[in-house]
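For reference, the structure discussed in these notes is given below.
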Amino acid sequence: MMFFHVFCYQLKNFSRKKYIIGWNLLFPLVLATAFYIGFGHMVTEDPNSFQTITAGYAEVQPVSGTPEEGTGSGNAEIFLKVLGQLQTEGGQNLIGLTRYDSEKEAREALLDGQIEGYYLNEGGELSLHIREEGVNSTILSQILKQYRSACTMEKRIAENHPSRLLQTIAGLSVNREYLEEYTPGRQISPYLQFFFALLAMSSMYASWIATTMMESMCANLSECGKRFESSGAGKFPSILAGALAGTIFQTVSNAITVLYIEYVLRISFQAPFPEIMMIMGLGSAVGIGFGILFGTLFQREALRVAIPLAFSMVSSFLSGLMMGQMKQLVENAVPVLNRINPAAVFTDSLYVLASYGKNRQYWLDVLSMAGMVIVTLSISAVILRRRQYASI
Amino acid sequence: MRETCVQVNSLVKRYGEFVAVDHFSLNVGKGEILGLLGPNGSGKTTTINCILALLSYDRGSITIFGENMTPERYDIKRRIGVVPQNVAVMDSLTVEENIDFFCGLYVKNRSSRRACVRDALAFTGLTDYRKQKPKKLSGGLLRRLNIACGIAHKPELIFFDEPTVAVDPQSRNAILEGIRKMNQNGSTIVYTSHYMEEVEELCTRIVIMDHGKGVAEGTAASLKAGLRNRETIRIHMPVRQEEVLRAIREVNHVYHVQAEDEDIVIRCDGGEHNLVHILNVLEEKKAVFGRVTTELPTLNDVFLEITGKELRE
Amino acid sequence: MPVFKAVLKSVKAYWMTFLIYSLVFVSFAPMQAESLAERNKKVFQEEKLAVTVIDQDDSLLSRSLADELGKTQQVTRIRGYVSENEIRRLKDDVNFGIRDYVLILPDGLGQAAEEGHTDIRPRFMQGGTSAAGQLMTTRIDQYLNHLAVYLQSGYKMEDALKDTAEDLTLADESRVVLERQEVRLTRASILFCFNGYSLSMMLCIFVGCLALKFRQKDLASRIRVSGLSFWKRNGGFFGAITAIGILTAFLVIAVVLLDAILHGQHDVPGLPLYILNTLALMCVGLGLGYLISSIAQNDGAVNLLANMVVLSMCFICGVFVDIRFLSPAVVKAAHFMPLYWYNTGVETIAEHSADGTVGEAFIMQLVIQLAFSAVFFAGGLMISKMRERYNG
């Protein structure tokens with residue numbers, strides 16, 4: 001009965017504190033909106049998705065009377081045919097080619113940004129002119145090399161095995177795709193990691209809810225705490241009641257954020273809502289657990305504000321809040337950090353759920369979070385049990 | 001002989017090198033209002049916190065209702081009410097919710113609790129403010145709320161730690177009156193303060209603390225009876241004649257005559273009608289004087305005599 | 001002077017805030033710089049991708065293919081069997097851009113190639129439908145096609161591999177001309193970019209909390225009725241916060257310089273311009289903090305508003321996500337935010353640090369930032385005056 005009594009009043013307490021509503025409910029919504037405005041389109045459309053590369057072609061006619069005269073056009077036609085045939089696996093044209101009357105025109109178009117590069121045929125000698133380095137320039141360069149290597153191969157076979165030349169030419173005209181794509185699990189956008197990290201940060205902010213609760217229950221933290229500790233209420237059951245209230249409050253806040261992201265911003269987490277909510281609940285409990293531990297360990301008010309803030313920020317940043325790849329970088333460099341960072345475990349569970357479903361890694365993450373809750377509450381219980389203060 | 005409610009034996013509490021409570025003993029009888037009087041920093045609040053098992057202590061023993069007091073003795077705690085020195089309420093809850101919350105930590109039954117809350121609101125005069133939040137209340141009302149939260153569950157033993165600090169006179173009188181009523185209803189009260197007038201007015205027995213030690217104990221009357229000075233007469237006399245002062249010194253029971261600014265202060269160690277005798281002497285000597293006041297000894301005088309300093313220094 | 005000194009002493013109370021954001025800057029900014037910075041190049045170099053080759057075949061073909069890729073890419077080889085967990089980790093690496101490509105050469109590939117059937121095919125994993133993935137797939141298909149032609153023309157595997165390698169080496173001599181010298185973001189510029197977050201946050205919180213403190217009714221009245229003139233009182237306050245801003249800005253600049261020294265650079269090209277740009281950002285931070293203080297009612301609210309505003313701006317203005325990836329509409333909207341102009345200033349300096357000329361564009365970026373700062377200060381003054389009038 002007393003458990004329920006403390007539970008109800010702590011729930012009322014949290015829901016009436018403006019800064020808790022601000023940090024734990026409003027801030028995630030604002031940040032989610034900022035994410036959506038910034039790169040929401042990149043979650044739904046892959047920004048790295050392949051776009052046809054625009055390229056140009058121009059010829060410089062050889063001086064009349066030179067041996068090169070007449071050879072350029074023949075080579076040009078073969079090369080242009082090769083370019084036209086290039087397609088991606090999806091049937092998209094690799095190159096969008098524009099033919100220019102002069103090098104000057106092609107160069108102007110290049111510097112203007114209309115094309116990414118142009119091939120220049122100087123009397124049969126092909127060269128590539130580009131504006132900047134990058135993947136597309138490299139693809140254009142590769143095409144040129146492919147053409148040249150094919151020419152070299154023809155020459156070599158013509159010299160050494162002339163009887164097989166026709167076979168060679170037939171073989172060159174077929175561009176087979178040898179590779180097949182292998183995609184274990186589902187492909188999800190790397191930009192979704194920002195949203196996962198946002199939810200992780202929000203869950204870790206639950207530590208503030210817990211420190212607020214501890215303030216009202218510990219004699220060394222406030223006058224209210226003194227009154228509470230001298231009352232007839234059992235300390236640990238009361239703290240558990242408050243923790244449960246905090247967890248539910250935070251889970252509801254997270255649920256609102258998730259619903260906002262999924263239904264208003266229309267960004268799918270690629271997992272069923274009940275399963276997402278289970279992770280939200282666990283994540284909130286982890287935040288609460290850590291908050292209780294901070295409230296148990298730190299008496300100074302400045303530390304009780306700064307430590308949860310630092311904890312939430314650093315753990316969220318390491319899980320990918322600022323840099324989407326961060327968690328994966330840490331996984332490669334210091335994997336143990338991802339196992340003990342609650343925000344990283346949280347985001348990993350959402351990522352694994354979305355990409356691979358409920359596999360072994362997912363359950364390990366769930367168990368890790370449950371373990372963190374148990375450990376933090378146990379340490380707090382040991383310290384708080386029978387605690388009398390040396391000074392208050 | 002009253003039944004003992006609280007027994008403190010040779011309590012010692014140190015903060016590092018500093019001894020806050022120095023072999024302090026206390027005995028609170030059931031049904032009495034015990035005043036714990038002392039200047040700021042004398043160890044009153046530390047003693048209360050040790051009794052409530054909030055603070056650890058270095059030596060001594062504490063029993064409440066005949067049982068050893070420890071942090072897990074929730075059965076004892078349920079019979080105690082605390083009104084701390086600073087206002088201890090939840091800012092986000094209304095007046096009624098605050099009282100209900102703290103009462104609920106002692107009283108499990110919902111309907112009993114509702115009745116207790118209603119009574120506490122009426123008792124402290126907060127019924128009209130029950131829907132307001134603590135931020136909207138004046139200092140006096142806030143103090144009343146502080147009291148209401150501590151007594152709503154009708155405890156047998158109540159600790160009041162300087163409940164009238166920074167409170168307006170009207171609220172102060174209401175608080176003191178309320179405390180008397182609680183005592184009449186059967187509660188034992190331990191009242192700490194550095195205001196001697198309150199303690200004198202309210203308490204059945206007084207313990208004076210200084211530097212962590214108990215320096216005097218007894219009723220107000222018995223404490224004052226121990227003083228040599230039984231009456232202080234102050235006469236405004238800008239122009240003093242030595243002859244007049246000599247004559248006053250010879251009056252019976254006058255043991256000390258001192259000039260203080262434009263007044264002369266005369267202390268008498270007993271007797272009756274001292275003022276009449278002194279006025280006769282002044283008339284005889286045709287002395288010129290102005291305002292005359294007479295004061296009975298106060299607890300401040302007791303404190304001054306024991307410690308050599310004022311209670312409010 | 002008394003107000004100036006009081007403000008400076010009061011800022012000590014926020015040492016924890018300073019520590020947290022400094023640590024965030026010192027830890028995360030170099031990480032971001034490490035992964036994003038590119039060196040200036042004068043000659044065209046092909047995009048080097050991080051490729052992992054899982055060689056389960058260990059045949060002549062698989063080894064030669066890996067060797068060929070190793071000539072132009074950053075290849076990591078894994079020989080033999082790889083667990084499912086490891087495959088998933090590699091897939092996650094590719095998804096988050098830590099690796100660009102994973103090639104799996106299954107057992108029996110070499111044998112199948114020699115026998116001329118394609119039932120055993122190499123598999124690949126790439127991030128989405130990325131251009132980098134497309135490049136690698138094209139390259140590998142090119143190699144295998146080339147090899148297949150040789151094999152079909154009667155060559156033995158060993159000779160075919162040797163000639164294929166030679167042909168591709170010859171093709172590498174293709175002429176590629178870089179028409180414009182590309183100057184990319186350097187390490188220093190990325191560190192300065194990150195300042196858009198860390199310096200802004202620190203100053204917003206310091207100034208916000210200090211202004212709030214000194215605006216407290218009783219304290220403000222006490223200062224007002226003192227013997228100090230209006231100009232001395234307000235000059236003292238604004239002078240102090242400017243001093244705090246300058247100190248913080250130079251501390252951050254010192255960190256960037258230290259980073260440069262630790263990485264063997266003796267100077268940071270364009271440093272005076274970076275300093276100017278940072279000081280302009282400092283003014284923005286001070287102004288924004290002052291504006292926030294006029295709206296907030298306590299330190300907690302200052303923290304919350306600062307986080308909401310600054311963090312959101314960072315995502316929309318290209319501090320955490322490259323502005324090239326943001327949609328045009330977002331980039332347009334970002335023009336109305338000061339951090340956009342700071343960021344653009346950093347890019348301008350990076351682009352022109354080699355030749356030292358920045359031109360009018362940079363001056364305009366500075367002026368716009370100062371204008372924002374002035375608007376924020378004016379807004380803050382107006383709002384606080386209005387509140388004084390209504391609240392008394």
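Ordered as shown in the structure tokens, chains take letters A, B, and onward, while each chain numbers its residues from 1 and ligands are numbered from 1 in the order shown.
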Quiz item: Residues of chain A within 8 Å of chain B, using only C-alpha atoms, as a ChimeraX atom specification?
Solution: /A:1-2,5-6,9,12-13,16-17,216,219,222-234,386-392
Can you write out the residues you just picked, keeping N, CA and C atoms, as a short mmCIF file (atom, residue, chain, number, x, y, z; two decimals), in the first residue's frame?
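Wrote it out as result-v2.cif, contents follow:
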```
data_model
loop_
_atom_site.label_atom_id
_atom_site.label_comp_id
_atom_site.auth_asym_id
_atom_site.auth_seq_id
_atom_site.Cartn_x
_atom_site.Cartn_y
_atom_site.Cartn_z
N MET A 1 0.83 -1.21 0.00
CA MET A 1 0.00 0.00 0.00
C MET A 1 0.86 1.26 0.00
N MET A 2 1.90 1.23 0.88
CA MET A 2 2.80 2.38 0.94
C MET A 2 3.60 2.48 -0.35
N HIS A 5 1.49 4.15 -2.74
CA HIS A 5 1.36 5.54 -2.33
C HIS A 5 2.56 6.36 -2.80
N VAL A 6 3.76 5.84 -2.54
CA VAL A 6 4.99 6.56 -2.97
C VAL A 6 5.05 6.59 -4.49
N TYR A 9 2.69 9.29 -5.91
CA TYR A 9 3.13 10.67 -5.66
C TYR A 9 4.41 11.02 -6.40
N LYS A 12 3.44 11.87 -9.85
CA LYS A 12 2.91 13.25 -9.89
C LYS A 12 4.05 14.25 -9.83
N ASN A 13 5.00 13.97 -8.97
CA ASN A 13 6.16 14.86 -8.77
C ASN A 13 6.92 15.06 -10.08
N ARG A 16 5.15 17.02 -12.87
CA ARG A 16 4.92 18.45 -12.65
C ARG A 16 6.20 19.25 -12.66
N LYS A 17 7.32 18.58 -12.79
CA LYS A 17 8.59 19.32 -12.80
C LYS A 17 8.90 19.75 -14.23
N SER A 216 14.60 13.80 -2.86
CA SER A 216 13.44 13.91 -1.97
C SER A 216 13.39 12.76 -0.96
N ALA A 219 18.37 11.94 3.35
CA ALA A 219 18.53 13.02 4.32
C ALA A 219 19.72 13.92 4.03
N SER A 222 18.50 16.77 0.92
CA SER A 222 17.53 17.87 1.03
C SER A 222 16.77 17.76 2.34
N GLU A 223 16.06 18.83 2.66
CA GLU A 223 15.24 18.83 3.88
C GLU A 223 14.12 17.81 3.75
N CYS A 224 13.56 17.75 2.54
CA CYS A 224 12.52 16.77 2.27
C CYS A 224 13.04 15.36 2.53
N GLY A 225 14.26 15.14 2.15
CA GLY A 225 14.90 13.85 2.36
C GLY A 225 15.03 13.53 3.83
N LYS A 226 15.34 14.54 4.61
CA LYS A 226 15.44 14.35 6.07
C LYS A 226 14.10 13.91 6.61
N ARG A 227 13.07 14.62 6.17
CA ARG A 227 11.72 14.28 6.65
C ARG A 227 11.37 12.86 6.22
N PHE A 228 11.73 12.53 4.99
CA PHE A 228 11.40 11.20 4.47
C PHE A 228 12.11 10.11 5.26
N GLU A 229 13.40 10.32 5.49
CA GLU A 229 14.18 9.28 6.17
C GLU A 229 13.81 9.12 7.62
N SER A 230 13.24 10.17 8.22
CA SER A 230 12.82 10.00 9.60
C SER A 230 11.39 9.47 9.70
N SER A 231 10.80 9.17 8.54
CA SER A 231 9.41 8.70 8.55
C SER A 231 9.37 7.18 8.70
N GLY A 232 8.16 6.68 8.74
CA GLY A 232 7.97 5.24 8.92
C GLY A 232 8.04 4.45 7.62
N ALA A 233 8.40 5.08 6.52
CA ALA A 233 8.44 4.37 5.24
C ALA A 233 9.78 3.68 5.07
N GLY A 234 9.72 2.42 4.66
CA GLY A 234 10.96 1.67 4.39
C GLY A 234 11.71 2.34 3.25
N ARG A 386 20.90 0.61 5.85
CA ARG A 386 21.38 0.93 7.20
C ARG A 386 22.30 2.17 7.19
N ARG A 387 22.21 2.95 6.14
CA ARG A 387 23.14 4.09 6.13
C ARG A 387 22.74 5.15 7.12
N GLN A 388 23.68 5.51 7.96
CA GLN A 388 23.53 6.70 8.77
C GLN A 388 24.61 7.66 8.29
N TYR A 389 24.26 8.90 8.27
CA TYR A 389 25.16 9.87 7.71
C TYR A 389 26.13 10.39 8.75
N ALA A 390 27.34 10.63 8.28
CA ALA A 390 28.31 11.24 9.19
C ALA A 390 27.96 12.72 9.36
N SER A 391 27.44 13.28 8.24
CA SER A 391 26.96 14.66 8.36
C SER A 391 25.89 14.90 7.32
N ILE A 392 24.94 15.76 7.63
CA ILE A 392 23.88 16.07 6.67
C ILE A 392 23.66 17.57 6.58
#
```
Exercise. Pick out the residues sitting within 7 Å of segment 250-264 of chain C, and hand them over as a PyMOL selection string; count only C-alpha atoms, and ignore anything fewer than 4 positions along from it in its own chain.
Key: chain C and resi 188+191+246
Exercise. Using DSSP on the backbone, list every residue of segment 76-310 of chain C that comes out as strand (DSSP E or B), and give them as a list in words.
Key: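 Here is the list: Thr76, Arg77, Ile78, Arg79, Tyr101, Val102, Leu103, Ile104, Leu105, Arg123, Phe124, Met125, Gln126, Ser130, Arg175, Val176, Val177 and Leu178 of chain C.
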N, CA and C atoms of the current selection, written as a short mmCIF file (atom, residue, chain, number, x, y, z; two decimals), in the first residue's frame:
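Once written, part-v1.cif looks like this:
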```cif
data_model
loop_
_atom_site.label_atom_id
_atom_site.label_comp_id
_atom_site.auth_asym_id
_atom_site.auth_seq_id
_atom_site.Cartn_x
_atom_site.Cartn_y
_atom_site.Cartn_z
N THR C 76 42.29 -5.41 -46.73
CA THR C 76 42.53 -6.24 -45.54
C THR C 76 42.14 -7.65 -45.92
N ARG C 77 43.02 -8.59 -45.71
CA ARG C 77 42.71 -9.97 -46.11
C ARG C 77 42.38 -10.81 -44.90
N ILE C 78 41.35 -11.63 -45.11
CA ILE C 78 41.02 -12.62 -44.08
C ILE C 78 41.00 -13.97 -44.79
N ARG C 79 41.83 -14.87 -44.33
CA ARG C 79 41.91 -16.18 -45.00
C ARG C 79 41.07 -17.18 -44.24
N TYR C 101 33.79 -1.88 -48.68
CA TYR C 101 33.42 -3.04 -49.50
C TYR C 101 33.96 -4.29 -48.84
N VAL C 102 33.15 -5.34 -48.94
CA VAL C 102 33.64 -6.65 -48.48
C VAL C 102 33.45 -7.63 -49.63
N LEU C 103 34.52 -8.32 -49.98
CA LEU C 103 34.45 -9.29 -51.06
C LEU C 103 34.68 -10.67 -50.47
N ILE C 104 33.76 -11.58 -50.77
CA ILE C 104 33.89 -12.95 -50.26
C ILE C 104 34.19 -13.86 -51.44
N LEU C 105 35.35 -14.50 -51.41
CA LEU C 105 35.75 -15.43 -52.48
C LEU C 105 35.53 -16.85 -51.95
N ARG C 123 30.97 -13.08 -53.83
CA ARG C 123 29.89 -12.28 -53.27
C ARG C 123 30.44 -11.00 -52.67
N PHE C 124 29.62 -9.99 -52.61
CA PHE C 124 30.09 -8.72 -52.06
C PHE C 124 29.04 -8.13 -51.14
N MET C 125 29.55 -7.29 -50.24
CA MET C 125 28.65 -6.50 -49.38
C MET C 125 29.06 -5.05 -49.53
N GLN C 126 28.09 -4.19 -49.71
CA GLN C 126 28.38 -2.76 -49.80
C GLN C 126 27.31 -1.99 -49.04
N SER C 130 25.72 2.17 -53.02
CA SER C 130 26.64 3.29 -53.03
C SER C 130 27.48 3.33 -54.31
N ARG C 175 46.10 8.79 -69.02
CA ARG C 175 46.32 10.17 -68.62
C ARG C 175 45.02 10.75 -68.06
N VAL C 176 45.10 11.22 -66.80
CA VAL C 176 43.95 11.88 -66.19
C VAL C 176 44.41 13.26 -65.72
N VAL C 177 43.70 14.26 -66.19
CA VAL C 177 44.10 15.63 -65.89
C VAL C 177 43.14 16.24 -64.87
N LEU C 178 43.69 16.78 -63.78
CA LEU C 178 42.88 17.46 -62.76
C LEU C 178 42.83 18.93 -63.15
#
```
I'd like the neighbourhood of Gly300 of chain C as a PDB file with N, CA and C atoms, in the first residue's frame, where a residue qualifies if any of its atoms comes within 9 Å (using only C-alpha atoms), though same-chain residues fewer than 5 positions away should be ignored.
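What ended up in result-v2.pdb:
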```pdb
ATOM      1  N   TYR A  19      11.473  21.047 -15.673  1.00  0.00           N
ATOM      2  CA  TYR A  19      12.742  20.709 -16.333  1.00  0.00           C
ATOM      3  C   TYR A  19      12.770  19.235 -16.743  1.00  0.00           C
TER       4      TYR A  19
ATOM      5  N   CYS C 209      23.513  31.692 -17.687  1.00  0.00           N
ATOM      6  CA  CYS C 209      23.394  31.537 -16.234  1.00  0.00           C
ATOM      7  C   CYS C 209      23.860  32.788 -15.485  1.00  0.00           C
ATOM      8  N   LEU C 305      17.384  25.114 -22.925  1.00  0.00           N
ATOM      9  CA  LEU C 305      17.208  25.919 -24.139  1.00  0.00           C
ATOM     10  C   LEU C 305      18.492  25.949 -24.964  1.00  0.00           C
TER      11      LEU C 305
END
```
Quiz prompt | DSSP helix (DSSP H, G or I) selection over segment 197-354 of chain C, as a PyMOL selection string | solution = chain C and resi 197-214+217-224+230-262+271-295+299-316+323-325+328-334+338-352
